[in-house]
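Data first, discussion second: the structure below is written as structure tokens.
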Amino acid sequence: MEPIPLVHASLGERELSAVAEVFASGWPAGQGPKGKALEAQLAQKYQVADAVAVSNCGAALHLALMALGVKPGDEVIVADYTFPAPAHAVRYLGAVPVFADVRADTGTVDPRAVADLVGPRTAGVIAVDTVGMPADYAPLQAIADRHGLFLVEDAACAVGATYRGREAGALAEVACLSFHGRKGATSGEGGALLATDPAVAQDARLRSSFGIGSIFDMGKVVGLPIPEFTEIGYNFKLSDIAAAILQVQIGRIGELLARRNAVAAQYAELLADEELLTLPHVPEDRTHAWQSYMVTLDSSVDRAAVAADLRAQGIGCGHGTWATHVQPVFKSGHACPVSADLFRRNLAIPMHAELSVSQVERVVDALRDSLRAHSTSTRVLGGAA
Ligand SMILES: *Cc1c(COP(=O)(O)O)cnc(C)c1O
């Protein structure tokens with residue numbers, strides 16, 4: 001049987017010809033003409049003051065927290081159920097991640113949990129658009145405003161999603177995007193920081209290039225002014241090769257997302273009556289970018305056995321994402337029971353823009369059979385008990 005991968009990056013001829021242009025230009029490094037054009041394209045698309053193209057979303061989060069002034073010992077409240085990049089970024093700065101539990105129906109951070117965790121050392125909050133589902137930005141912003149906290153949107157998975165008619169990526173004062181190969185728009189590796197305050201973006205851009213401006217720009221200056229290093233920076237620049245690919249990918253978001261939406265709709269239709277799992281719930285005020293399609297298995301189901309069945313038939317699947325607070329490096333006494341439960345029960349099934357109708361049918365048939373074979377529920381005909 002032909003394999004059905006869990007993820008697949010839709011990169012093709014248009015991206016290749018954009019790369020060919022960069023080769024011909026002789027400037028493959030970062031902060032050149034393609035990088036600047038991408039930044040302008042992103043600032044325009046998201047209607048923000050400035051966009052900084054960087055090497056990945058982890059770097060964008062790191063730069064965001066530095067620009068927002070996070071200091072050692074500060075606490076930053078982070079959504080627990082996510083790829084744990086937000087907690088890593090907090091730790092890069094010697095600050096303390098405080099894990100907030102999530103809503104059971106959406107997997108996004110629960111604003112009540114955030115409100116309960118605010119204390120005298122809290123500097124800000126990082127909300128996550130969980131696998132493409134925007135978090136509750138209206139109540140989160142109200143909490144941030146009430147306590148004078150910053151709010152960062154980790155929109156790594158959410159390119160193309162919306163919340164109350166606004167684009168994910170423009171839902172907080174600073175947002176971080178990922179263009180990793182498993183996200184909805186990709187250059188292999190890549191990221192961006194979007195900011196409503198130009199000073200935040202300026203700080204991030206400077207620290208993304210060892211604390212000096214664009215070397216490409218310097219080469220065009222008449223005379224020989226020698227720039228000075230005034231800050232400790234990093235090399236978090238995005239290459240112009242990646243920027244050229246992303247210019248094409250950003251232009252294709254509508255087309256790629258329409259395909260993902262169609263796959264999600266087909267799963268929802270074919271699995272609507274399946275009692276052994278819960279389908280993803282999308283609240284009325286937002287749309288999903290479907291970076292992943294995660295179903296929550298009934299507690300009577302042996303998830304590992306189902307995953308083994310699917311993989312044996314060439315069908316990609318995974319556990320979805322992580323409960324951060326139980327990871328050894330972050331282990332904290334504070335419990336996030338909803339996140340821990342989703343981490344135990346969620347299953348990600350194939351989701352990408354090139355899945356065919358018949359492939360989705362094959363995934364659904366295999367999943368239904370396997371659920372029955374590996375459930376101890378007596379409610380279900382054919383259950384093991
Ligand atoms: C993938 C992901 C990241 C990390 O993105 P990179 O570009 O790989 O650094 C950060 N946050 C979330 C929520 C992610 O899913």
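Identifiers in this document derive from the order of the structure tokens: chains are assigned A, B, ..., residues are numbered from 1 separately in each chain, and ligands are numbered from 1 in order of occurrence.
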
Spatial neighbours of stretch 218-223 of chain A, 12 Å, only C-alpha atoms, chain gap at least 5 places, as an MDAnalysis selection string | chainID A and resid 27 31:32 212:213

Could those residues be written to a file, using N, CA, C and O atoms, as a PDB file, in the first residue's frame?
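What follows is the written file again.pdb:
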ATOM      1  N   TRP A  27      23.690  37.193  -3.902  1.00  0.00           N
ATOM      2  CA  TRP A  27      23.545  37.481  -2.467  1.00  0.00           C
ATOM      3  C   TRP A  27      22.646  36.419  -1.808  1.00  0.00           C
ATOM      4  O   TRP A  27      21.443  36.632  -1.664  1.00  0.00           O
ATOM      5  N   GLN A  31      19.355  39.316   5.177  1.00  0.00           N
ATOM      6  CA  GLN A  31      19.157  40.773   5.188  1.00  0.00           C
ATOM      7  C   GLN A  31      19.537  41.428   3.863  1.00  0.00           C
ATOM      8  O   GLN A  31      19.958  42.578   3.821  1.00  0.00           O
ATOM      9  N   GLY A  32      19.401  40.688   2.769  1.00  0.00           N
ATOM     10  CA  GLY A  32      19.602  41.239   1.438  1.00  0.00           C
ATOM     11  C   GLY A  32      18.262  41.621   0.819  1.00  0.00           C
ATOM     12  O   GLY A  32      17.273  41.760   1.528  1.00  0.00           O
ATOM     13  N   ILE A 212      24.775  44.473  14.690  1.00  0.00           N
ATOM     14  CA  ILE A 212      25.000  45.525  13.685  1.00  0.00           C
ATOM     15  C   ILE A 212      23.982  45.386  12.562  1.00  0.00           C
ATOM     16  O   ILE A 212      23.332  44.358  12.412  1.00  0.00           O
ATOM     17  N   GLY A 213      23.893  46.428  11.756  1.00  0.00           N
ATOM     18  CA  GLY A 213      22.898  46.464  10.680  1.00  0.00           C
ATOM     19  C   GLY A 213      23.285  45.560   9.513  1.00  0.00           C
ATOM     20  O   GLY A 213      24.280  44.826   9.566  1.00  0.00           O
TER      21      GLY A 213
END

Please check which protein, DNA or RNA residues sit within 9 Å of ligand 1, counting only C-alpha atoms and all ligand atoms, and write them as an MDAnalysis selection string.
-> chainID A and resid 55:61 81:86 127:132 154:158 176:183 189:192 291 321

Choose the residue, out of A:Arg303, A:Arg368, A:His374, A:Arg259, that has the smallest atom-to-atom separation from A:Ser356; count only C-alpha atoms.
->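 Ranking A:Arg303, A:Arg368, A:His374, A:Arg259 by distance to A:Ser356, first place goes to A:Arg259.
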
Looking at A:Glu2, A:Asp240, A:Asp50, A:Glu21, which one is nearest to A:Val174, with distances taken over only C-alpha atoms?
-> A:Asp50

Near-A:Cys317 list (6 Å; only C-alpha atoms; drop same-chain fewer than 2 positions) as number ranges by chain | A: 6, 348-349

Distance criterion (only C-alpha atoms): nearest to A:Gln44 out of A:Asp203, A:Asp145, A:Asp101, A:Glu167 |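 With only C-alpha atoms as the atom set, the closest residue is A:Glu167.
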
Write down as a list in words the residues belonging to stretch 256-337 of chain A that are assigned alpha helix (DSSP H) by DSSP computed on the backbone.
->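 Matching residues for alpha helix (DSSP H) in stretch 256-337 of chain A are Leu256, Leu257, Ala258, Arg259, Arg260, Asn261, Ala262, Val263, Ala264, Ala265, Gln266, Tyr267, Ala268, Glu269, Leu270, Leu271, Arg303, Ala304, Ala305, Val306, Ala307, Ala308, Asp309, Leu310, Arg311, Ala312 and Pro337 of chain A.
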
Looking only at the backbone, which of the residues in stretch 21-158 of chain A does DSSP tag as strand (DSSP E), as a ChimeraX atom specification?
-> /A:50-54,75-79,96-100,122-128,150-154

Excluding A:Ala323 and any residue of its chain fewer than 6 positions from it, enumerate the residues within 12 Å of it, using only C-alpha atoms, and give them as JSON, numbers by chain.
-> {"A": [78, 79, 80, 81, 82, 83, 84, 85, 87, 99, 100, 101, 102, 107, 108, 109, 130, 330, 331, 332, 335, 336, 337, 338, 339, 340, 341, 342, 343, 344, 345, 346]}

Keeping only N, CA, C and O atoms, take the residues you just selected and write them out as a short mmCIF file (atom, residue, chain, number, x, y, z; two decimals), in the first residue's frame.
data_model
loop_
_atom_site.label_atom_id
_atom_site.label_comp_id
_atom_site.auth_asym_id
_atom_site.auth_seq_id
_atom_site.Cartn_x
_atom_site.Cartn_y
_atom_site.Cartn_z
N VAL A 78 3.31 30.73 30.47
CA VAL A 78 3.31 30.13 29.13
C VAL A 78 2.21 29.08 29.02
O VAL A 78 1.91 28.37 29.98
N ALA A 79 1.62 28.98 27.85
CA ALA A 79 0.65 27.92 27.58
C ALA A 79 1.37 26.59 27.72
O ALA A 79 2.48 26.42 27.24
N ASP A 80 0.72 25.62 28.38
CA ASP A 80 1.41 24.36 28.67
C ASP A 80 1.38 23.37 27.51
O ASP A 80 2.34 22.64 27.29
N TYR A 81 0.25 23.33 26.78
CA TYR A 81 0.08 22.26 25.79
C TYR A 81 0.56 22.74 24.44
O TYR A 81 -0.19 23.35 23.66
N THR A 82 1.85 22.49 24.13
CA THR A 82 2.46 23.03 22.93
C THR A 82 3.83 22.42 22.71
O THR A 82 4.44 21.89 23.64
N PHE A 83 4.35 22.54 21.49
CA PHE A 83 5.78 22.34 21.31
C PHE A 83 6.45 23.31 22.29
O PHE A 83 6.12 24.49 22.30
N PRO A 84 7.37 22.83 23.14
CA PRO A 84 7.76 23.66 24.29
C PRO A 84 8.71 24.82 24.01
O PRO A 84 9.40 25.28 24.92
N ALA A 85 8.72 25.36 22.79
CA ALA A 85 9.62 26.47 22.46
C ALA A 85 9.41 27.70 23.36
O ALA A 85 10.38 28.36 23.73
N ALA A 87 8.64 27.91 26.55
CA ALA A 87 9.32 27.71 27.83
C ALA A 87 10.84 27.73 27.64
O ALA A 87 11.57 28.25 28.48
N PHE A 99 3.62 27.46 34.07
CA PHE A 99 2.78 26.76 33.09
C PHE A 99 1.30 26.93 33.37
O PHE A 99 0.83 26.61 34.46
N ALA A 100 0.58 27.40 32.37
CA ALA A 100 -0.87 27.60 32.50
C ALA A 100 -1.60 26.48 31.77
O ALA A 100 -1.27 26.16 30.61
N ASP A 101 -2.59 25.93 32.43
CA ASP A 101 -3.36 24.84 31.82
C ASP A 101 -4.22 25.37 30.67
O ASP A 101 -4.36 26.58 30.47
N VAL A 102 -4.78 24.43 29.91
CA VAL A 102 -5.46 24.78 28.67
C VAL A 102 -6.94 24.39 28.71
O VAL A 102 -7.37 23.63 29.59
N GLY A 107 -7.59 23.11 23.42
CA GLY A 107 -6.17 22.91 23.69
C GLY A 107 -5.40 24.21 23.85
O GLY A 107 -4.19 24.19 24.09
N THR A 108 -6.07 25.35 23.71
CA THR A 108 -5.40 26.66 23.86
C THR A 108 -5.44 27.09 25.32
O THR A 108 -6.27 26.61 26.11
N VAL A 109 -4.55 28.01 25.68
CA VAL A 109 -4.39 28.38 27.08
C VAL A 109 -5.72 28.92 27.65
O VAL A 109 -6.44 29.67 26.99
N THR A 130 -2.50 26.81 19.31
CA THR A 130 -2.20 25.38 19.38
C THR A 130 -2.47 24.64 18.07
O THR A 130 -3.62 24.57 17.62
N PHE A 330 11.70 20.73 32.34
CA PHE A 330 10.82 21.78 32.88
C PHE A 330 10.04 21.32 34.11
O PHE A 330 9.22 22.08 34.62
N LYS A 331 10.23 20.08 34.51
CA LYS A 331 9.38 19.47 35.52
C LYS A 331 9.06 20.47 36.65
O LYS A 331 9.94 21.04 37.26
N SER A 332 7.76 20.70 36.84
CA SER A 332 7.37 21.66 37.86
C SER A 332 6.30 21.01 38.72
O SER A 332 5.55 20.15 38.27
N ALA A 335 0.55 21.42 38.68
CA ALA A 335 -0.08 20.50 37.73
C ALA A 335 -0.92 21.24 36.69
O ALA A 335 -1.49 22.29 36.96
N CYS A 336 -0.97 20.70 35.49
CA CYS A 336 -1.87 21.18 34.43
C CYS A 336 -2.63 19.94 33.94
O CYS A 336 -2.25 19.32 32.93
N PRO A 337 -3.68 19.55 34.68
CA PRO A 337 -4.32 18.24 34.40
C PRO A 337 -4.95 18.14 33.01
O PRO A 337 -4.92 17.06 32.42
N VAL A 338 -5.48 19.23 32.49
CA VAL A 338 -6.12 19.15 31.17
C VAL A 338 -5.06 18.90 30.10
O VAL A 338 -5.20 18.02 29.24
N SER A 339 -3.97 19.66 30.18
CA SER A 339 -2.88 19.50 29.23
C SER A 339 -2.30 18.08 29.32
O SER A 339 -2.06 17.43 28.29
N ALA A 340 -2.11 17.58 30.53
CA ALA A 340 -1.56 16.23 30.72
C ALA A 340 -2.49 15.19 30.10
O ALA A 340 -2.03 14.21 29.49
N ASP A 341 -3.80 15.41 30.23
CA ASP A 341 -4.77 14.47 29.68
C ASP A 341 -4.74 14.49 28.14
O ASP A 341 -4.74 13.43 27.49
N LEU A 342 -4.69 15.68 27.54
CA LEU A 342 -4.62 15.77 26.08
C LEU A 342 -3.32 15.13 25.57
O LEU A 342 -3.30 14.48 24.52
N PHE A 343 -2.25 15.33 26.33
CA PHE A 343 -0.94 14.76 25.95
C PHE A 343 -1.01 13.23 25.94
O PHE A 343 -0.36 12.57 25.13
N ARG A 344 -1.83 12.66 26.82
CA ARG A 344 -1.97 11.19 26.87
C ARG A 344 -2.90 10.66 25.80
O ARG A 344 -2.76 9.55 25.33
N ARG A 345 -3.94 11.45 25.42
CA ARG A 345 -5.02 10.88 24.60
C ARG A 345 -5.07 11.37 23.15
O ARG A 345 -5.78 10.80 22.33
N ASN A 346 -4.38 12.48 22.83
CA ASN A 346 -4.51 12.99 21.47
C ASN A 346 -3.72 12.15 20.47
O ASN A 346 -2.67 11.59 20.79
#

Option closest in space to A:Thr296, from A:Ala49, A:Val282, A:Ile253, A:Leu347 [counting only C-alpha atoms] =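 Among A:Ala49, A:Val282, A:Ile253, A:Leu347, it is A:Leu347 that comes nearest to A:Thr296.
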
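Closest approach to A:His319 from the set A:Ser299, A:Gln47, A:Ser25, A:Ser292 is made by A:Ser292, with distances taken over only C-alpha atoms.
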
Spatial neighbours of A:Leu271, max dist 12 Å, only C-alpha atoms, sep filter under 5 positions, as a list in words =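 The residues that qualify are Ala264, Ala265, Gln266, Leu276, Leu277, Thr278, Leu279, Pro280, Val295, Thr296, Val360, Glu361, Val363, Val364, Asp365, Ala366, Leu367, Arg368 and Leu371 of chain A.
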
Any idea what's packed within 8 Å of A:Val200, counting only C-alpha atoms, ignoring anything in its chain fewer than 6 positions away? Could you give it as an MDAnalysis selection string?
-> chainID A and resid 64 67:68

Keeping only C-alpha atoms, write the selected residues to a file as a PDB file, in the first residue's frame.
ATOM      1  CA  ALA A  64      10.888  38.959  21.514  1.00  0.00           C
ATOM      2  CA  ALA A  67      13.172  43.201  23.323  1.00  0.00           C
ATOM      3  CA  LEU A  68      10.372  43.162  25.906  1.00  0.00           C
TER       4      LEU A  68
END

Using only C-alpha atoms, the shortest atom-to-atom distance to A:Arg207 among A:Asn235, A:Ser375, A:Ser370, A:Gln359 belongs to A:Asn235

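A straight line drawn from atom CA of A:Gly69 to atom CA of A:Ala115 is 21.4 Å long.
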